[in-house]
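structure_37.cif, holding mmCIF, C-alpha atoms and all ligand atoms:
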data_final
loop_
_atom_site.label_atom_id
_atom_site.label_comp_id
_atom_site.auth_asym_id
_atom_site.auth_seq_id
_atom_site.Cartn_x
_atom_site.Cartn_y
_atom_site.Cartn_z
CA MET A 1 87.04 27.71 68.40
CA SER A 2 86.88 24.26 69.96
CA THR A 3 83.55 22.78 70.95
CA HIS A 4 82.99 22.03 74.62
CA PRO A 5 81.48 18.67 75.54
CA LYS A 6 78.12 18.83 77.28
CA ARG A 7 79.63 17.16 80.34
CA ALA A 8 83.16 17.94 81.48
CA ARG A 9 85.14 14.97 82.80
CA PHE A 10 87.88 14.64 85.38
CA ILE A 11 90.43 11.89 84.69
CA ALA A 12 93.40 11.06 86.91
CA PHE A 13 96.45 8.97 86.07
CA GLU A 14 97.91 7.08 89.00
CA GLY A 15 100.64 4.56 89.70
CA GLY A 16 104.14 4.20 91.08
CA GLU A 17 107.25 6.15 90.18
CA GLY A 18 108.11 6.32 86.48
CA VAL A 19 105.35 4.00 85.27
CA GLY A 20 104.43 6.45 82.47
CA LYS A 21 101.74 8.70 83.95
CA SER A 22 103.04 12.01 82.55
CA THR A 23 103.60 10.46 79.10
CA GLN A 24 100.05 9.07 79.01
CA ALA A 25 98.42 12.20 80.43
CA LYS A 26 100.00 14.28 77.65
CA LEU A 27 99.00 11.77 74.95
CA LEU A 28 95.42 11.76 76.24
CA VAL A 29 95.16 15.56 76.20
CA GLU A 30 96.49 15.56 72.62
CA ALA A 31 93.94 12.90 71.60
CA LEU A 32 91.13 14.94 73.21
CA ALA A 33 92.31 18.08 71.38
CA GLU A 34 92.13 16.17 68.07
CA ARG A 35 88.45 15.54 68.90
CA GLY A 36 87.87 19.24 69.63
CA ILE A 37 87.75 18.76 73.40
CA ASP A 38 89.52 21.29 75.64
CA ALA A 39 91.34 19.65 78.52
CA LEU A 40 93.43 21.09 81.32
CA LEU A 41 96.63 19.04 81.74
CA THR A 42 97.77 19.35 85.32
CA ARG A 43 99.66 17.46 88.03
CA GLU A 44 99.94 16.82 91.75
CA PRO A 45 101.47 17.96 93.89
CA GLY A 46 101.28 21.17 91.90
CA GLY A 47 99.06 22.83 89.32
CA THR A 48 98.88 26.24 91.03
CA THR A 49 101.59 28.64 92.17
CA GLY A 50 101.07 27.75 95.82
CA ALA A 51 100.82 24.01 95.23
CA GLU A 52 104.01 24.06 93.13
CA MET A 53 105.77 25.71 96.11
CA ILE A 54 104.44 23.00 98.42
CA ARG A 55 105.72 20.41 95.87
CA LYS A 56 109.25 21.74 96.38
CA LEU A 57 108.89 21.48 100.17
CA LEU A 58 107.67 17.88 99.84
CA LEU A 59 110.18 16.58 97.30
CA ALA A 60 113.22 18.40 98.69
CA PRO A 61 112.29 18.82 102.37
CA PRO A 62 114.15 21.17 104.63
CA GLY A 63 116.01 19.92 107.73
CA THR A 64 115.17 16.39 108.84
CA GLY A 65 112.14 16.09 106.55
CA TRP A 66 108.43 15.66 107.34
CA GLY A 67 106.68 13.12 109.52
CA VAL A 68 103.86 11.24 107.79
CA GLN A 69 101.16 13.44 109.34
CA ALA A 70 102.81 16.68 108.21
CA GLU A 71 103.48 15.15 104.80
CA ALA A 72 99.82 14.14 104.36
CA LEU A 73 98.66 17.60 105.47
CA LEU A 74 100.98 19.28 102.97
CA PHE A 75 99.69 17.08 100.13
CA ALA A 76 96.11 17.83 101.21
CA ALA A 77 96.84 21.59 101.37
CA ALA A 78 98.40 21.57 97.90
CA ARG A 79 95.40 19.59 96.58
CA SER A 80 92.93 21.98 98.22
CA ASP A 81 94.48 24.96 96.41
CA HIS A 82 94.69 23.01 93.15
CA VAL A 83 91.04 21.93 93.32
CA ALA A 84 89.76 25.39 94.27
CA LYS A 85 91.81 27.44 91.82
CA ALA A 86 92.38 25.15 88.83
CA ILE A 87 90.36 21.90 88.73
CA LYS A 88 86.89 23.13 89.74
CA PRO A 89 87.01 26.29 87.60
CA ALA A 90 88.09 24.22 84.58
CA LEU A 91 85.26 21.70 85.08
CA ILE A 92 82.72 24.48 85.60
CA SER A 93 83.85 26.11 82.33
CA GLY A 94 83.16 22.81 80.52
CA SER A 95 86.80 21.81 80.07
CA TRP A 96 87.96 18.28 80.82
CA VAL A 97 90.71 17.87 83.42
CA VAL A 98 93.52 15.33 83.04
CA CYS A 99 95.57 15.14 86.22
CA ASP A 100 98.92 13.39 86.76
CA ARG A 101 98.25 11.92 90.25
CA PHE A 102 95.41 12.87 92.63
CA VAL A 103 94.08 11.67 95.97
CA LEU A 104 94.66 7.97 95.24
CA SER A 105 98.40 8.75 95.52
CA SER A 106 97.87 10.13 99.04
CA ARG A 107 95.85 7.02 99.95
CA ALA A 108 98.57 4.66 98.64
CA TYR A 109 101.71 6.58 99.74
CA GLN A 110 100.74 8.29 103.01
CA GLY A 111 97.67 6.26 103.99
CA LEU A 112 98.86 2.73 103.29
CA ALA A 113 102.66 2.66 102.73
CA GLY A 114 103.20 5.49 105.26
CA GLY A 115 100.84 3.90 107.80
CA LEU A 116 98.63 6.97 108.40
CA GLY A 117 95.44 5.10 107.43
CA ASP A 118 92.99 5.39 104.56
CA GLU A 119 90.16 6.96 106.59
CA GLU A 120 92.52 9.67 107.84
CA VAL A 121 93.62 10.57 104.30
CA LEU A 122 90.01 10.62 103.10
CA ALA A 123 89.06 12.86 106.04
CA LEU A 124 91.78 15.37 105.05
CA HIS A 125 90.48 15.22 101.48
CA ARG A 126 86.92 15.94 102.61
CA ILE A 127 88.11 18.95 104.63
CA GLY A 128 90.51 20.28 102.00
CA SER A 129 88.78 19.50 98.72
CA GLY A 130 85.17 18.64 99.55
CA GLY A 131 85.95 14.99 98.77
CA LEU A 132 86.12 15.65 95.01
CA MET A 133 86.88 12.42 93.12
CA PRO A 134 87.83 11.87 89.47
CA CYS A 135 85.19 10.34 87.15
CA ARG A 136 87.80 7.80 86.14
CA THR A 137 91.19 6.95 87.62
CA LEU A 138 93.54 5.13 85.25
CA LEU A 139 95.98 3.14 87.37
CA LEU A 140 99.11 2.28 85.36
CA GLU A 141 100.95 -0.86 86.44
CA ALA A 142 104.20 -2.39 85.16
CA PRO A 143 106.85 -4.80 86.53
CA VAL A 144 109.36 -3.17 88.90
CA ASP A 145 112.38 -4.08 86.72
CA ASP A 146 110.90 -2.50 83.57
CA VAL A 147 110.11 0.69 85.44
CA ALA A 148 113.57 0.77 87.08
CA LYS A 149 115.14 0.72 83.60
CA ARG A 150 112.91 3.62 82.45
CA LEU A 151 113.81 5.63 85.57
CA ARG A 152 117.55 4.98 85.14
CA MET A 153 117.30 6.21 81.55
CA ARG A 154 115.39 9.34 82.64
CA ASP A 155 117.02 10.24 85.98
CA GLY A 156 120.29 8.30 86.29
CA ASP A 157 120.90 7.87 90.04
CA GLU A 158 118.88 10.94 91.03
CA ALA A 159 115.65 10.57 93.06
CA ASP A 160 113.55 12.96 95.10
CA ALA A 161 112.78 12.50 98.80
CA ILE A 162 109.77 10.24 98.19
CA GLY A 163 110.89 8.48 95.00
CA GLY A 164 114.17 7.64 96.80
CA ARG A 165 112.46 5.70 99.61
CA ASN A 166 113.33 2.00 99.89
CA GLU A 167 112.00 -0.90 97.80
CA ARG A 168 109.74 -2.07 100.59
CA TYR A 169 108.00 1.31 100.77
CA HIS A 170 107.41 1.32 97.01
CA ALA A 171 106.22 -2.31 97.07
CA ASP A 172 103.70 -1.26 99.76
CA VAL A 173 102.63 1.66 97.55
CA ALA A 174 102.05 -0.71 94.60
CA ARG A 175 100.06 -3.13 96.81
CA GLY A 176 98.14 -0.17 98.20
CA PHE A 177 97.15 1.04 94.73
CA ALA A 178 96.10 -2.45 93.61
CA GLY A 179 94.08 -3.01 96.79
CA LEU A 180 92.28 0.33 96.46
CA ALA A 181 91.35 -0.52 92.86
CA GLN A 182 89.51 -3.65 94.01
CA GLY A 183 85.84 -2.95 94.51
CA ASP A 184 86.01 0.61 93.12
CA ASP A 185 84.52 0.77 89.64
CA SER A 186 85.92 4.24 88.99
CA ILE A 187 89.51 2.88 89.10
CA VAL A 188 90.72 0.96 86.05
CA GLN A 189 94.00 -0.97 86.15
CA ILE A 190 95.99 -0.68 82.91
CA ASP A 191 98.99 -2.80 81.92
CA ALA A 192 101.68 -0.18 81.29
CA SER A 193 104.49 -2.60 80.39
CA GLY A 194 104.13 -2.20 76.61
CA SER A 195 105.23 0.67 74.39
CA ALA A 196 103.86 4.16 75.05
CA GLU A 197 101.65 3.71 71.94
CA ASP A 198 100.22 0.40 73.21
CA VAL A 199 99.48 1.91 76.61
CA HIS A 200 97.83 4.93 74.96
CA ALA A 201 95.59 2.58 72.97
CA ALA A 202 94.54 0.89 76.23
CA VAL A 203 93.88 4.31 77.79
CA MET A 204 91.69 5.32 74.84
CA ARG A 205 89.66 2.10 75.15
CA GLU A 206 88.77 3.20 78.70
CA VAL A 207 88.13 6.83 77.77
CA GLU A 208 85.99 6.10 74.67
CA PRO A 209 82.77 5.44 76.67
CA LEU A 210 83.22 8.77 78.47
CA LEU A 211 83.54 10.51 75.10
CA GLU A 212 80.31 8.91 73.92
CA GLU A 213 78.46 9.93 77.09
CA ALA A 214 79.79 13.48 76.80
CA SER A 215 78.88 14.01 73.13
N1 LIG B 1 105.50 2.70 77.74
C1 LIG B 1 106.74 3.14 77.88
N2 LIG B 1 107.78 2.38 77.48
C2 LIG B 1 109.06 2.81 77.65
N3 LIG B 1 109.41 3.99 78.21
C3 LIG B 1 108.40 4.78 78.63
C4 LIG B 1 107.03 4.40 78.48
N4 LIG B 1 106.25 5.38 78.99
C5 LIG B 1 107.10 6.34 79.43
N5 LIG B 1 108.37 5.99 79.21
C6 LIG B 1 109.59 6.73 79.58
O1 LIG B 1 109.82 6.38 80.96
C7 LIG B 1 110.19 7.54 81.71
C8 LIG B 1 109.13 7.76 82.80
O2 LIG B 1 107.91 8.13 82.15
P1 LIG B 1 106.98 9.26 82.77
O3 LIG B 1 107.79 10.46 83.12
O4 LIG B 1 105.84 9.43 81.84
O5 LIG B 1 106.51 8.50 84.08
P2 LIG B 1 105.75 9.06 85.36
O6 LIG B 1 104.93 7.91 85.86
O7 LIG B 1 105.04 10.31 85.05
O8 LIG B 1 106.98 9.36 86.32
P3 LIG B 1 106.98 10.06 87.78
O9 LIG B 1 106.30 9.12 88.72
O10 LIG B 1 108.40 10.24 88.12
O11 LIG B 1 106.23 11.36 87.63
C9 LIG B 1 110.29 8.69 80.72
O12 LIG B 1 111.63 8.82 80.33
C10 LIG B 1 109.41 8.25 79.55
O13 LIG B 1 109.84 8.78 78.33
C1 LIG B 2 100.13 13.48 94.75
C2 LIG B 2 101.02 12.71 95.67
C3 LIG B 2 102.31 12.41 95.30
N1 LIG B 2 103.11 11.71 96.15
C4 LIG B 2 104.51 11.45 95.76
C5 LIG B 2 104.68 10.48 94.63
C6 LIG B 2 105.97 10.94 93.99
O1 LIG B 2 107.05 10.35 94.72
C7 LIG B 2 105.97 12.44 94.23
C8 LIG B 2 105.45 13.23 93.06
O2 LIG B 2 106.33 13.26 92.03
P1 LIG B 2 106.01 12.63 90.56
O3 LIG B 2 106.85 13.45 89.67
O4 LIG B 2 104.57 12.72 90.26
O5 LIG B 2 106.40 11.19 90.66
O6 LIG B 2 105.09 12.65 95.32
C9 LIG B 2 102.65 11.31 97.38
O7 LIG B 2 103.40 10.70 98.16
N2 LIG B 2 101.37 11.60 97.73
C10 LIG B 2 100.54 12.29 96.94
O8 LIG B 2 99.36 12.55 97.30
#

Can you give me the file's structure in the form of structure tokens?
Amino acid sequence: MSTHPKRARFIAFEGGEGVGKSTQAKLLVEALAERGIDALLTREPGGTTGAEMIRKLLLAPPGTGWGVQAEALLFAAARSDHVAKAIKPALISGSWVVCDRFVLSSRAYQGLAGGLGDEEVLALHRIGSGGLMPCRTLLLEAPVDDVAKRLRMRDGDEADAIGGRNERYHADVARGFAGLAQGDDSIVQIDASGSAEDVHAAVMREVEPLLEEAS
């Protein structure tokens, strides 16, 4: 039986398309397991049956697609279900939660790049999810050309409805993320341009103090 830490922690990985979030989230959960810490590995949009259905609607939209308001509401609805049915119960049970994207993605994509506004996104988050924030958000950043190569290797020419938006949109997303990290101590920017092992080492340097606090 694994030992539960005294204080469960909620960690989110954030960043643009293909920067390595899923890879690092999985490596972190494995590293926590080696230390006897249970962690729920989950993702957004998704993580519950309903939220995974909303994910499909968002990434392969029917008809002419969603306007930014509808898109933000759908992300907030998916998150609300995810928080209520998966994230909060895990934290209450003493498990850590490692989430591949969370509300910072809505702030950067819909709020800033999409033009809806940060306050509006935060208001939806307060209504939908009680304003729950991760203890630590690890924002992965790497040069656009490096990431484009990784995405070509993984996906070829395929992209979903949001990933396939133009370069300007994604540049605005990257600027949005970086801007939101300024002045928020819970968001740590991590250079994700090195090997997966190097990036994992940088992640563990940020997580180590949380492990000490929790032990
Ligand atoms: N540090 C790295 N160096 C080189 N390749 C990497 C690195 N990290 C991940 N990759 C590879 O790059 C691709 C994208 O990684 P991953 O799926 O983890 O990114 P992601 O940020 O979760 O993507 P998405 O935004 O689409 O969910 C994968 O094929 C993965 O194996
Ligand atoms: C949570 C969240 C996600 N998005 C976008 C970002 C990506 O384009 C897709 C998710 O797919 P991935 O496999 O994680 O890259 O959705 C968004 O626009 N807003 C959000 O809140």

Q: Would you please work out which residue, of A:Arg35, A:Arg101, A:Arg150, A:His200, is nearest to Phe177 in chain A when using only C-alpha atoms?
A: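 Comparing A:Arg35, A:Arg101, A:Arg150, A:His200 against Phe177 in chain A, the winner is A:Arg101.
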
Q: Go through the chains and note each residue within 8 Å of ligand LIG 1 (chain B), using only C-alpha atoms and all ligand atoms, then give the set as a ChimeraX atom specification.
A: /A:14-24,100,147,150-151,153-155,163,192-199

Taking all atoms listed in the file and a cut-off of 9 Å, can you tell me which residues surround ligand LIG 2 (chain B), written as a PDB file with C-alpha atoms, in the frame of the given file?
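pocket.pdb was written with the following content:
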ATOM      1  CA  GLU A  14      97.910   7.080  89.000  1.00  0.00           C
ATOM      2  CA  GLY A  15     100.640   4.560  89.700  1.00  0.00           C
ATOM      3  CA  GLY A  16     104.140   4.200  91.080  1.00  0.00           C
ATOM      4  CA  GLU A  17     107.250   6.150  90.180  1.00  0.00           C
ATOM      5  CA  GLY A  18     108.110   6.320  86.480  1.00  0.00           C
ATOM      6  CA  LYS A  21     101.740   8.700  83.950  1.00  0.00           C
ATOM      7  CA  SER A  22     103.040  12.010  82.550  1.00  0.00           C
ATOM      8  CA  ARG A  43      99.660  17.460  88.030  1.00  0.00           C
ATOM      9  CA  GLU A  44      99.940  16.820  91.750  1.00  0.00           C
ATOM     10  CA  PRO A  45     101.470  17.960  93.890  1.00  0.00           C
ATOM     11  CA  GLY A  46     101.280  21.170  91.900  1.00  0.00           C
ATOM     12  CA  ARG A  55     105.720  20.410  95.870  1.00  0.00           C
ATOM     13  CA  LEU A  58     107.670  17.880  99.840  1.00  0.00           C
ATOM     14  CA  LEU A  59     110.180  16.580  97.300  1.00  0.00           C
ATOM     15  CA  GLU A  71     103.480  15.150 104.800  1.00  0.00           C
ATOM     16  CA  ALA A  72      99.820  14.140 104.360  1.00  0.00           C
ATOM     17  CA  LEU A  74     100.980  19.280 102.970  1.00  0.00           C
ATOM     18  CA  PHE A  75      99.690  17.080 100.130  1.00  0.00           C
ATOM     19  CA  ALA A  76      96.110  17.830 101.210  1.00  0.00           C
ATOM     20  CA  ALA A  78      98.400  21.570  97.900  1.00  0.00           C
ATOM     21  CA  ARG A  79      95.400  19.590  96.580  1.00  0.00           C
ATOM     22  CA  ASP A 100      98.920  13.390  86.760  1.00  0.00           C
ATOM     23  CA  ARG A 101      98.250  11.920  90.250  1.00  0.00           C
ATOM     24  CA  PHE A 102      95.410  12.870  92.630  1.00  0.00           C
ATOM     25  CA  VAL A 103      94.080  11.670  95.970  1.00  0.00           C
ATOM     26  CA  LEU A 104      94.660   7.970  95.240  1.00  0.00           C
ATOM     27  CA  SER A 105      98.400   8.750  95.520  1.00  0.00           C
ATOM     28  CA  SER A 106      97.870  10.130  99.040  1.00  0.00           C
ATOM     29  CA  ARG A 107      95.850   7.020  99.950  1.00  0.00           C
ATOM     30  CA  ALA A 108      98.570   4.660  98.640  1.00  0.00           C
ATOM     31  CA  TYR A 109     101.710   6.580  99.740  1.00  0.00           C
ATOM     32  CA  GLN A 110     100.740   8.290 103.010  1.00  0.00           C
ATOM     33  CA  GLY A 114     103.200   5.490 105.260  1.00  0.00           C
ATOM     34  CA  ALA A 159     115.650  10.570  93.060  1.00  0.00           C
ATOM     35  CA  ASP A 160     113.550  12.960  95.100  1.00  0.00           C
ATOM     36  CA  ALA A 161     112.780  12.500  98.800  1.00  0.00           C
ATOM     37  CA  ILE A 162     109.770  10.240  98.190  1.00  0.00           C
ATOM     38  CA  GLY A 163     110.890   8.480  95.000  1.00  0.00           C
ATOM     39  CA  GLY A 164     114.170   7.640  96.800  1.00  0.00           C
ATOM     40  CA  ARG A 165     112.460   5.700  99.610  1.00  0.00           C
TER      41      ARG A 165
END

(Q) Taking 3 positions as the minimum chain separation for residues in the same chain, which residues sit within 7 Å of Leu139 in chain A when counting only C-alpha atoms? Answer as a PyMOL selection string. (A) chain A and resi 13-15+187-190

Q: For CA of Asp81 in chain A and CA of Gly183 in chain A, quote the distance in Å rounded to one decimal.
A: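 If I compute the distance from CA of Asp81 in chain A to CA of Gly183 in chain A, I get 29.3 Å.
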
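Proximity of A:Val68, A:Ala202, A:Leu32, A:Ala84 to Leu132 in chain A, computed with all atoms listed in the file, is greatest for A:Ala84.
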
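Distance annotation: of A:Cys135, A:Cys99, A:Leu211, A:Val121, the residue with the minimal separation from Ile37 in chain A is A:Leu211; atom set is all atoms listed in the file.
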
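Between CA of Leu140 in chain A and CA of Asp191 in chain A the separation is 6.1 Å.
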
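Taking CA of Ala181 in chain A and CA of Ala12 in chain A as endpoints, the distance between them is 13.2 Å.
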
Q.
Taking all atoms listed in the file into account, name the residue in A:Ile127, A:Leu28, A:Ala113, A:Ala8 that is nearest to Ile87 in chain A.
A. A:Ala8

Q: Could you check which of A:Thr137, A:Ser93, A:Ser215, A:Asn166 is closest to Phe10 in chain A, using only C-alpha atoms?
A: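 Selected residue with least distance to Phe10 in chain A: A:Thr137.
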